[in-house]
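Q: mmCIF, C-alpha atoms, file work15.cif:
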data_run
#
loop_
_atom_site.label_atom_id
_atom_site.label_comp_id
_atom_site.auth_asym_id
_atom_site.auth_seq_id
_atom_site.Cartn_x
_atom_site.Cartn_y
_atom_site.Cartn_z
CA MET A 1 111.41 100.98 113.31
CA ARG A 2 108.80 102.62 111.15
CA VAL A 3 107.38 101.50 107.81
CA THR A 4 104.70 103.06 105.65
CA VAL A 5 101.69 100.89 105.00
CA ARG A 6 99.59 101.37 101.88
CA LEU A 7 96.10 99.96 101.52
CA PHE A 8 94.11 99.57 98.33
CA ALA A 9 90.50 99.15 97.22
CA ARG A 10 88.31 97.52 99.86
CA LEU A 11 91.11 97.45 102.43
CA ARG A 12 91.45 101.21 102.14
CA ASP A 13 87.70 101.70 102.42
CA LEU A 14 87.54 99.52 105.53
CA ALA A 15 90.48 101.24 107.20
CA GLY A 16 89.25 104.66 106.11
CA ARG A 17 92.69 105.73 104.89
CA PRO A 18 95.04 104.93 102.01
CA ALA A 19 98.27 104.97 104.02
CA LEU A 20 99.47 104.88 107.58
CA PRO A 21 102.75 104.74 109.46
CA CYS A 22 103.37 101.54 111.37
CA ASP A 23 105.94 100.85 114.08
CA VAL A 24 107.27 97.31 114.31
CA PRO A 25 110.33 95.75 115.99
CA VAL A 26 113.59 95.39 114.09
CA GLY A 27 113.52 92.07 112.25
CA ALA A 28 109.78 92.20 111.68
CA SER A 29 108.18 90.51 108.69
CA VAL A 30 105.38 91.68 106.43
CA GLY A 31 103.10 89.42 108.48
CA ASP A 32 104.07 91.31 111.64
CA VAL A 33 103.21 94.57 109.89
CA TRP A 34 99.83 93.14 108.87
CA ARG A 35 99.08 92.11 112.47
CA ALA A 36 99.98 95.61 113.68
CA VAL A 37 97.68 97.14 111.08
CA VAL A 38 94.84 94.81 112.06
CA ALA A 39 95.38 95.71 115.72
CA ALA A 40 94.72 99.34 114.80
CA HIS A 41 91.95 98.63 112.26
CA ALA A 42 89.92 95.65 113.39
CA ALA A 43 87.71 95.86 110.30
CA LEU A 44 90.60 94.38 108.30
CA GLU A 45 90.84 91.25 110.39
CA PRO A 46 88.57 89.03 108.25
CA PHE A 47 90.92 89.66 105.31
CA GLY A 48 93.87 87.90 106.97
CA GLY A 49 93.94 84.91 104.66
CA SER A 50 93.14 86.74 101.47
CA VAL A 51 95.60 89.57 101.06
CA SER A 52 98.71 89.61 98.99
CA CYS A 53 101.51 92.01 99.69
CA ALA A 54 104.31 94.06 98.22
CA VAL A 55 107.42 95.67 99.67
CA ASN A 56 108.87 98.72 97.96
CA GLU A 57 106.70 98.20 94.89
CA ASP A 58 107.59 94.57 94.30
CA PHE A 59 105.61 91.43 95.13
CA ALA A 60 106.52 89.94 98.51
CA ARG A 61 105.41 87.25 100.96
CA MET A 62 104.09 87.52 104.48
CA THR A 63 107.43 86.05 105.59
CA THR A 64 109.48 88.75 103.80
CA ALA A 65 111.56 90.82 106.24
CA VAL A 66 110.98 94.57 106.28
CA ALA A 67 113.40 97.41 107.02
CA GLU A 68 113.12 100.94 108.34
CA GLY A 69 111.44 103.20 105.80
CA ASP A 70 110.03 100.41 103.65
CA GLU A 71 106.70 100.83 101.86
CA VAL A 72 104.56 97.80 102.65
CA ALA A 73 101.41 97.42 100.55
CA PHE A 74 98.49 95.10 101.24
CA LEU A 75 96.39 94.06 98.28
CA PRO A 76 92.92 92.54 98.29
CA PRO A 77 92.22 89.95 95.57
CA VAL A 78 92.47 91.53 92.14
CA SER A 79 89.48 92.13 89.95
CA GLY A 80 89.33 88.56 88.73
CA GLY A 81 86.75 88.58 86.01
CA ALA A 82 84.91 85.46 84.93
CA PRO A 83 83.80 82.97 87.59
CA ALA A 84 86.07 80.03 88.40
CA CYS A 85 89.12 82.04 87.49
CA ARG A 86 91.04 79.66 89.73
CA MET B 1 102.59 98.15 78.62
CA ALA B 2 100.79 100.92 80.44
CA ILE B 3 98.22 101.96 83.01
CA VAL B 4 96.31 104.90 81.55
CA SER B 5 93.65 107.27 82.78
CA GLY B 6 92.20 108.27 79.40
CA PRO B 7 90.32 106.36 76.69
CA LEU B 8 92.10 103.31 75.25
CA SER B 9 92.98 102.85 71.59
CA ILE B 10 93.28 99.27 70.38
CA GLU B 11 94.41 100.53 66.97
CA GLY B 12 97.52 102.05 68.52
CA LEU B 13 98.41 98.73 70.13
CA THR B 14 97.78 96.59 67.06
CA ALA B 15 100.02 98.91 65.04
CA VAL B 16 102.84 98.56 67.54
CA VAL B 17 102.78 94.76 67.73
CA GLU B 18 102.39 94.41 63.96
CA ARG B 19 105.46 96.57 63.45
CA ASP B 20 107.45 94.64 66.07
CA ALA B 21 106.46 91.25 64.66
CA ARG B 22 107.18 92.37 61.11
CA ALA B 23 110.72 93.29 62.10
CA SER B 24 111.52 89.87 63.57
CA GLY B 25 111.83 86.28 62.41
CA GLU B 26 109.28 85.19 59.83
CA GLY B 27 107.52 88.54 60.01
CA CYS B 28 103.95 89.30 60.99
CA GLY B 29 101.14 87.07 59.74
CA ALA B 30 98.49 87.64 62.37
CA VAL B 31 97.34 90.29 64.82
CA CYS B 32 94.81 89.41 67.49
CA ALA B 33 93.04 92.09 69.52
CA PHE B 34 91.06 91.87 72.74
CA VAL B 35 89.12 94.74 74.29
CA GLY B 36 87.40 94.36 77.65
CA VAL B 37 84.46 96.74 77.98
CA VAL B 38 82.24 97.84 80.84
CA ARG B 39 79.12 95.68 80.93
CA ALA B 40 75.74 97.16 81.82
CA THR B 41 74.84 94.46 84.33
CA HIS B 42 76.51 92.39 87.02
CA GLN B 43 74.70 89.19 88.00
CA GLY B 44 71.45 90.72 86.82
CA ARG B 45 71.93 94.04 88.57
CA PRO B 46 72.05 97.16 86.38
CA VAL B 47 75.44 98.85 86.62
CA ARG B 48 75.63 102.66 86.46
CA TYR B 49 79.39 102.96 86.06
CA LEU B 50 82.70 101.46 87.23
CA GLU B 51 85.82 102.74 88.84
CA TYR B 52 89.15 100.99 88.36
CA GLU B 53 92.00 101.55 90.75
CA ALA B 54 95.59 100.35 90.34
CA TYR B 55 98.72 100.17 92.42
CA GLU B 56 100.50 101.55 89.42
CA PRO B 57 104.19 100.77 89.99
CA LEU B 58 103.36 97.19 90.92
CA ALA B 59 100.86 96.90 88.07
CA LEU B 60 103.57 97.94 85.62
CA ARG B 61 105.89 95.38 87.12
CA ALA B 62 103.22 92.68 86.74
CA LEU B 63 102.60 93.69 83.12
CA ALA B 64 106.33 93.52 82.42
CA ARG B 65 106.35 90.06 83.93
CA ILE B 66 103.55 88.94 81.60
CA ASP B 67 105.58 90.28 78.68
CA VAL B 68 108.57 88.17 79.81
CA GLU B 69 106.41 85.07 80.26
CA ILE B 70 105.00 85.48 76.75
CA ALA B 71 108.44 85.98 75.26
CA ALA B 72 109.56 82.72 76.89
CA GLU B 73 106.48 80.76 75.78
CA TRP B 74 106.05 82.24 72.29
CA PRO B 75 109.47 83.46 71.13
CA ALA B 76 108.07 84.80 67.87
CA GLY B 77 105.24 86.63 69.57
CA HIS B 78 104.68 90.24 70.55
CA VAL B 79 102.14 91.69 72.95
CA ALA B 80 100.97 95.12 74.12
CA ILE B 81 98.62 95.71 77.03
CA HIS B 82 96.96 98.91 78.26
CA HIS B 83 94.70 98.93 81.32
CA ARG B 84 92.58 101.93 82.12
CA VAL B 85 91.94 103.36 85.58
CA GLY B 86 89.45 105.89 86.91
CA ARG B 87 85.74 106.20 86.25
CA LEU B 88 84.39 104.35 83.19
CA ALA B 89 80.94 104.48 81.61
CA ILE B 90 79.08 101.49 80.22
CA GLY B 91 80.63 100.41 76.92
CA GLU B 92 84.01 102.02 77.53
CA ALA B 93 87.15 99.93 77.17
CA SER B 94 88.83 98.96 80.44
CA VAL B 95 91.62 96.83 79.00
CA ALA B 96 93.08 96.56 75.51
CA ILE B 97 95.45 93.81 74.39
CA ALA B 98 97.08 93.30 71.02
CA ALA B 99 99.14 90.24 70.12
CA ALA B 100 101.04 89.54 66.94
CA SER B 101 102.97 86.62 65.54
CA ALA B 102 103.89 84.99 62.29
CA HIS B 103 100.83 82.73 62.44
CA ARG B 104 97.30 83.08 63.77
CA ALA B 105 97.40 80.24 66.30
CA GLU B 106 100.13 81.94 68.31
CA ALA B 107 98.49 85.34 68.09
CA PHE B 108 95.23 83.97 69.52
CA GLN B 109 97.09 82.07 72.23
CA ILE B 110 99.17 85.05 73.29
CA CYS B 111 96.13 87.31 73.44
CA ARG B 112 94.16 84.87 75.59
CA TYR B 113 97.13 84.14 77.85
CA ALA B 114 97.69 87.85 78.35
CA ILE B 115 94.14 88.61 79.52
CA GLU B 116 94.08 85.57 81.81
CA ARG B 117 97.34 86.67 83.43
CA VAL B 118 96.17 90.28 83.70
CA LYS B 119 93.16 89.06 85.64
CA GLN B 120 95.36 86.88 87.85
CA ILE B 121 98.29 89.05 88.83
CA VAL B 122 97.93 92.73 87.89
CA PRO B 123 96.93 94.79 90.94
CA VAL B 124 93.90 96.54 89.47
CA TRP B 125 90.61 96.61 91.36
CA LYS B 126 87.12 97.07 89.99
CA HIS B 127 84.51 98.99 91.97
CA GLU B 128 80.98 98.65 90.62
CA PHE B 129 78.34 101.30 91.24
CA PHE B 130 74.69 100.26 91.01
CA GLU B 131 71.43 102.17 91.32
CA ASP B 132 71.16 100.96 94.88
CA GLY B 133 74.68 100.43 96.15
CA GLU B 134 78.25 99.60 95.26
CA ALA B 135 80.61 96.64 95.50
CA TRP B 136 84.27 95.79 95.02
CA VAL B 137 84.76 92.93 92.60
CA GLU B 138 87.35 90.53 93.96
CA GLY B 139 88.67 87.45 92.21
CA THR B 140 92.15 86.07 92.53
CA LEU B 141 94.87 86.59 95.09
CA ALA B 142 97.71 88.11 93.07
CA ASP B 143 100.74 85.82 93.15
CA PRO B 144 102.99 85.89 90.07
CA ASP B 145 104.94 82.88 91.36
CA ASP B 146 101.86 80.64 91.58
CA ALA B 147 102.77 78.00 88.99
CA GLY B 148 99.25 76.55 89.08
CA ALA B 149 97.67 79.85 88.06
CA ARG B 150 100.18 80.27 85.28
CA GLN B 151 99.46 76.77 84.02
CA LEU B 152 95.73 77.51 84.09
CA ALA B 153 96.30 80.59 81.93
CA ARG B 154 98.41 78.49 79.56
CA ASP B 155 95.70 75.80 79.39
CA ARG B 156 93.02 78.36 78.60
CA ALA B 157 95.20 79.99 75.97
CA CYS B 158 95.95 76.72 74.24
CA ALA B 159 92.56 75.02 74.59
#
Is it possible to express this structure as structure tokens?
A:
Amino acid sequence: MRVTVRLFARLRDLAGRPALPCDVPVGASVGDVWRAVVAAHAALEPFGGSVSCAVNEDFARMTTAVAEGDEVAFLPPVSGGAPACR
Amino acid sequence: MAIVSGPLSIEGLTAVVERDARASGEGCGAVCAFVGVVRATHQGRPVRYLEYEAYEPLALRALARIDVEIAAEWPAGHVAIHHRVGRLAIGEASVAIAAASAHRAEAFQICRYAIERVKQIVPVWKHEFFEDGEAWVEGTLADPDDAGARQLARDRACA
């Protein structure tokens, strides 16, 4: 099945594109989509542990299941602000 | 709550929250405003300008969530938040927050809580442009369900 992947900020810059189609098996999770994206854009690999994600414009988890036609967004850390924000 | 591409007006937001607070409960006794502006330096490096980018539908959802959190924590409080996107010059406002309540303590707390949560969970990214390069500014991994982050925002608001 096919989902649409959206990339923002530094992820988009590294991949060189804001969106791409991605084919994953039925039953795939957001994490599976991420691994497929990394396979096509190796520059994203170092980000593995520091992306958050959304499915169809709502916050999701890497374990969230995806369905045909879903929009899956990967988000680098947000702009943060003052040091020691966490 | 809005993501906007033009200049921000804090006066518009303070008027809205004052009106909302006046119409409820004890009425409005305090309005607190916060405006984040583009700083001319980052860690000693002169900044030429910034670009902010948002995933707008998700950003609006995150802002709505902050509104709900504030309503739960401060039932008499009201908040309005506008975040700007696009290219901003030094000194321009990137985020404007107005909070109102019957008493000043709550208004200050709500305002501080709101900016802390904006920085934690709203998908907006800052891209700094220097004389000699550029850099994305990255802070927190956005996770609205992270109870620890929410508690940290609450602690900072109520310190």
Q: Can you work out which one of B:Ala135, B:Ala157, B:Ile90, B:Leu8 has the shortest atom-to-atom distance to chain A, counting all atoms listed in the file?
A: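 Nearest candidate to chain A out of B:Ala135, B:Ala157, B:Ile90, B:Leu8: B:Ala135.
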Q: Extract, using all atoms listed in the file, all DNA, RNA and protein residues at most 7 Å from region 34-50 of chain A, discarding same-chain residues fewer than 2 positions from it, and format them as a PyMOL selection string.
A: (chain A and resi 11+14-15+30-32+52+76-77) or (chain B and resi 141)
Q: Mind pulling up the distance from CA of Cys158 (chain B) to CA of Gly29 (chain B)?
A: 18.6 Å
Q: Nearest to Val72 (chain A) among A:Val51, A:Phe59, A:Arg10, A:Val5, with distances taken over all atoms listed in the file: which residue is it?
A: A:Val5
Q: Could you check which of B:Ala159, B:Ala102, B:Ala93, B:Ala59 is closest to chain A, using all atoms listed in the file?
A: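 Smallest distance to chain A is found for B:Ala59.
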Q: Return as an mmCIF file with C-alpha atoms, keeping the file's coordinate frame the set of residues that the PyMOL selection byres ((chain B and resi 24) around 12) yields on the displayed structure.
A:
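Saved result, selection.cif, follows:
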data_model
loop_
_atom_site.group_PDB
_atom_site.id
_atom_site.type_symbol
_atom_site.label_atom_id
_atom_site.label_comp_id
_atom_site.auth_asym_id
_atom_site.auth_seq_id
_atom_site.Cartn_x
_atom_site.Cartn_y
_atom_site.Cartn_z
ATOM 1 C CA VAL B 17 102.780 94.760 67.730
ATOM 2 C CA GLU B 18 102.390 94.410 63.960
ATOM 3 C CA ARG B 19 105.460 96.570 63.450
ATOM 4 C CA ASP B 20 107.450 94.640 66.070
ATOM 5 C CA ALA B 21 106.460 91.250 64.660
ATOM 6 C CA ARG B 22 107.180 92.370 61.110
ATOM 7 C CA ALA B 23 110.720 93.290 62.100
ATOM 8 C CA GLY B 25 111.830 86.280 62.410
ATOM 9 C CA GLU B 26 109.280 85.190 59.830
ATOM 10 C CA GLY B 27 107.520 88.540 60.010
ATOM 11 C CA CYS B 28 103.950 89.300 60.990
ATOM 12 C CA GLY B 29 101.140 87.070 59.740
ATOM 13 C CA PRO B 75 109.470 83.460 71.130
ATOM 14 C CA ALA B 76 108.070 84.800 67.870
ATOM 15 C CA GLY B 77 105.240 86.630 69.570
ATOM 16 C CA HIS B 78 104.680 90.240 70.550
ATOM 17 C CA ALA B 100 101.040 89.540 66.940
ATOM 18 C CA SER B 101 102.970 86.620 65.540
ATOM 19 C CA ALA B 102 103.890 84.990 62.290
#
Q: Within 6 Å of chain A, which residues of chain B show up? Give each one with its shortest atom-to-atom distance in Å (one decimal) and the two atoms involved, counting all atoms listed in the file, rows by chain then rising residue number, as a tab-separated table.
A:
residue	atom	partner	partner_atom	distance
B:Leu58	CA	A:Glu57	CA	5.3
B:Lys119	CA	A:Gly80	CA	4.9
B:Pro123	CA	A:Val78	CA	5.7
B:Val124	CA	A:Val78	CA	5.9
B:Trp125	CA	A:Ser79	CA	4.8
B:Lys126	CA	A:Ser79	CA	5.5
B:Val137	CA	A:Ser79	CA	5.5
B:Glu138	CA	A:Ser79	CA	4.8
B:Gly139	CA	A:Gly80	CA	3.7
B:Thr140	CA	A:Pro77	CA	4.9
B:Leu141	CA	A:Pro77	CA	4.3
Q: Given the PyMOL selection byres ((chain A and resi 24) around 10) and the file above, list the residues it selects as a JSON list (two decimals) with C-alpha atoms, in the coordinates of the input.
A:
[["chain", "number", "residue", "atom", "x", "y", "z"],
["A", 1, "MET", "CA", 111.41, 100.98, 113.31],
["A", 2, "ARG", "CA", 108.80, 102.62, 111.15],
["A", 3, "VAL", "CA", 107.38, 101.50, 107.81],
["A", 21, "PRO", "CA", 102.75, 104.74, 109.46],
["A", 22, "CYS", "CA", 103.37, 101.54, 111.37],
["A", 23, "ASP", "CA", 105.94, 100.85, 114.08],
["A", 25, "PRO", "CA", 110.33, 95.75, 115.99],
["A", 26, "VAL", "CA", 113.59, 95.39, 114.09],
["A", 27, "GLY", "CA", 113.52, 92.07, 112.25],
["A", 28, "ALA", "CA", 109.78, 92.20, 111.68],
["A", 29, "SER", "CA", 108.18, 90.51, 108.69],
["A", 30, "VAL", "CA", 105.38, 91.68, 106.43],
["A", 32, "ASP", "CA", 104.07, 91.31, 111.64],
["A", 33, "VAL", "CA", 103.21, 94.57, 109.89],
["A", 35, "ARG", "CA", 99.08, 92.11, 112.47],
["A", 36, "ALA", "CA", 99.98, 95.61, 113.68],
["A", 66, "VAL", "CA", 110.98, 94.57, 106.28],
["A", 67, "ALA", "CA", 113.40, 97.41, 107.02],
["A", 68, "GLU", "CA", 113.12, 100.94, 108.34]]
Q: Applying 6 Å and all atoms listed in the file, which residues near region 79-85 of chain B remain after dropping the ones on its own chain fewer than 4 positions away? List them as number ranges by chain.
A: B: 1-5, 13, 52-53, 94-99
Q: Would you work out the distance separating CA of Trp74 (chain B) from CA of Val122 (chain B), expressed in Å to one decimal?
A: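 Distance reported for this atom pair: 20.5 Å.
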Q: As an exercise, work out the distance from CA of Leu60 (chain B) to CA of Gln120 (chain B) in Å and give it to one decimal place.
A: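 About the pair CA of Leu60 (chain B) and CA of Gln120 (chain B): they are 14.0 Å apart.
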Q: Selected by the PyMOL selection byres ((chain B and resi 149) around 12) in the shown coordinates: which residues, as a PyMOL selection string?
A: (chain A and resi 84-86) or (chain B and resi 113+116-121+140-148+150-156)
Q: Could you rebuild region 43-55 of chain A with N, CA and C atoms and give me the result as a PDB file, in the frame of the given file?
A:
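New file selection_17.pdb:
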ATOM      1  N   ALA A  43      88.555  96.191 111.451  1.00  0.00           N
ATOM      2  CA  ALA A  43      87.710  95.860 110.300  1.00  0.00           C
ATOM      3  C   ALA A  43      88.459  95.049 109.253  1.00  0.00           C
ATOM      4  N   LEU A  44      89.798  95.106 109.288  1.00  0.00           N
ATOM      5  CA  LEU A  44      90.600  94.380 108.300  1.00  0.00           C
ATOM      6  C   LEU A  44      90.814  92.921 108.662  1.00  0.00           C
ATOM      7  N   GLU A  45      90.511  92.579 109.880  1.00  0.00           N
ATOM      8  CA  GLU A  45      90.840  91.250 110.390  1.00  0.00           C
ATOM      9  C   GLU A  45      90.324  90.097 109.526  1.00  0.00           C
ATOM     10  N   PRO A  46      89.081  90.159 109.059  1.00  0.00           N
ATOM     11  CA  PRO A  46      88.570  89.030 108.250  1.00  0.00           C
ATOM     12  C   PRO A  46      89.360  88.802 106.956  1.00  0.00           C
ATOM     13  N   PHE A  47      90.172  89.777 106.559  1.00  0.00           N
ATOM     14  CA  PHE A  47      90.920  89.660 105.310  1.00  0.00           C
ATOM     15  C   PHE A  47      92.209  88.865 105.456  1.00  0.00           C
ATOM     16  N   GLY A  48      92.550  88.492 106.694  1.00  0.00           N
ATOM     17  CA  GLY A  48      93.870  87.900 106.970  1.00  0.00           C
ATOM     18  C   GLY A  48      94.354  86.892 105.950  1.00  0.00           C
ATOM     19  N   GLY A  49      93.487  85.963 105.558  1.00  0.00           N
ATOM     20  CA  GLY A  49      93.940  84.910 104.660  1.00  0.00           C
ATOM     21  C   GLY A  49      93.855  85.262 103.201  1.00  0.00           C
ATOM     22  N   SER A  50      93.359  86.426 102.881  1.00  0.00           N
ATOM     23  CA  SER A  50      93.140  86.740 101.470  1.00  0.00           C
ATOM     24  C   SER A  50      93.705  88.102 101.076  1.00  0.00           C
ATOM     25  N   VAL A  51      94.885  88.410 101.576  1.00  0.00           N
ATOM     26  CA  VAL A  51      95.600  89.570 101.060  1.00  0.00           C
ATOM     27  C   VAL A  51      96.916  89.096 100.452  1.00  0.00           C
ATOM     28  N   SER A  52      97.330  89.778  99.411  1.00  0.00           N
ATOM     29  CA  SER A  52      98.710  89.610  98.990  1.00  0.00           C
ATOM     30  C   SER A  52      99.435  90.893  99.335  1.00  0.00           C
ATOM     31  N   CYS A  53     100.743  90.887  99.157  1.00  0.00           N
ATOM     32  CA  CYS A  53     101.510  92.010  99.690  1.00  0.00           C
ATOM     33  C   CYS A  53     102.668  92.364  98.771  1.00  0.00           C
ATOM     34  N   ALA A  54     103.158  93.581  98.980  1.00  0.00           N
ATOM     35  CA  ALA A  54     104.310  94.060  98.220  1.00  0.00           C
ATOM     36  C   ALA A  54     105.185  94.879  99.156  1.00  0.00           C
ATOM     37  N   VAL A  55     106.484  94.834  98.925  1.00  0.00           N
ATOM     38  CA  VAL A  55     107.420  95.670  99.670  1.00  0.00           C
ATOM     39  C   VAL A  55     108.194  96.499  98.656  1.00  0.00           C
TER      40      VAL A  55
END
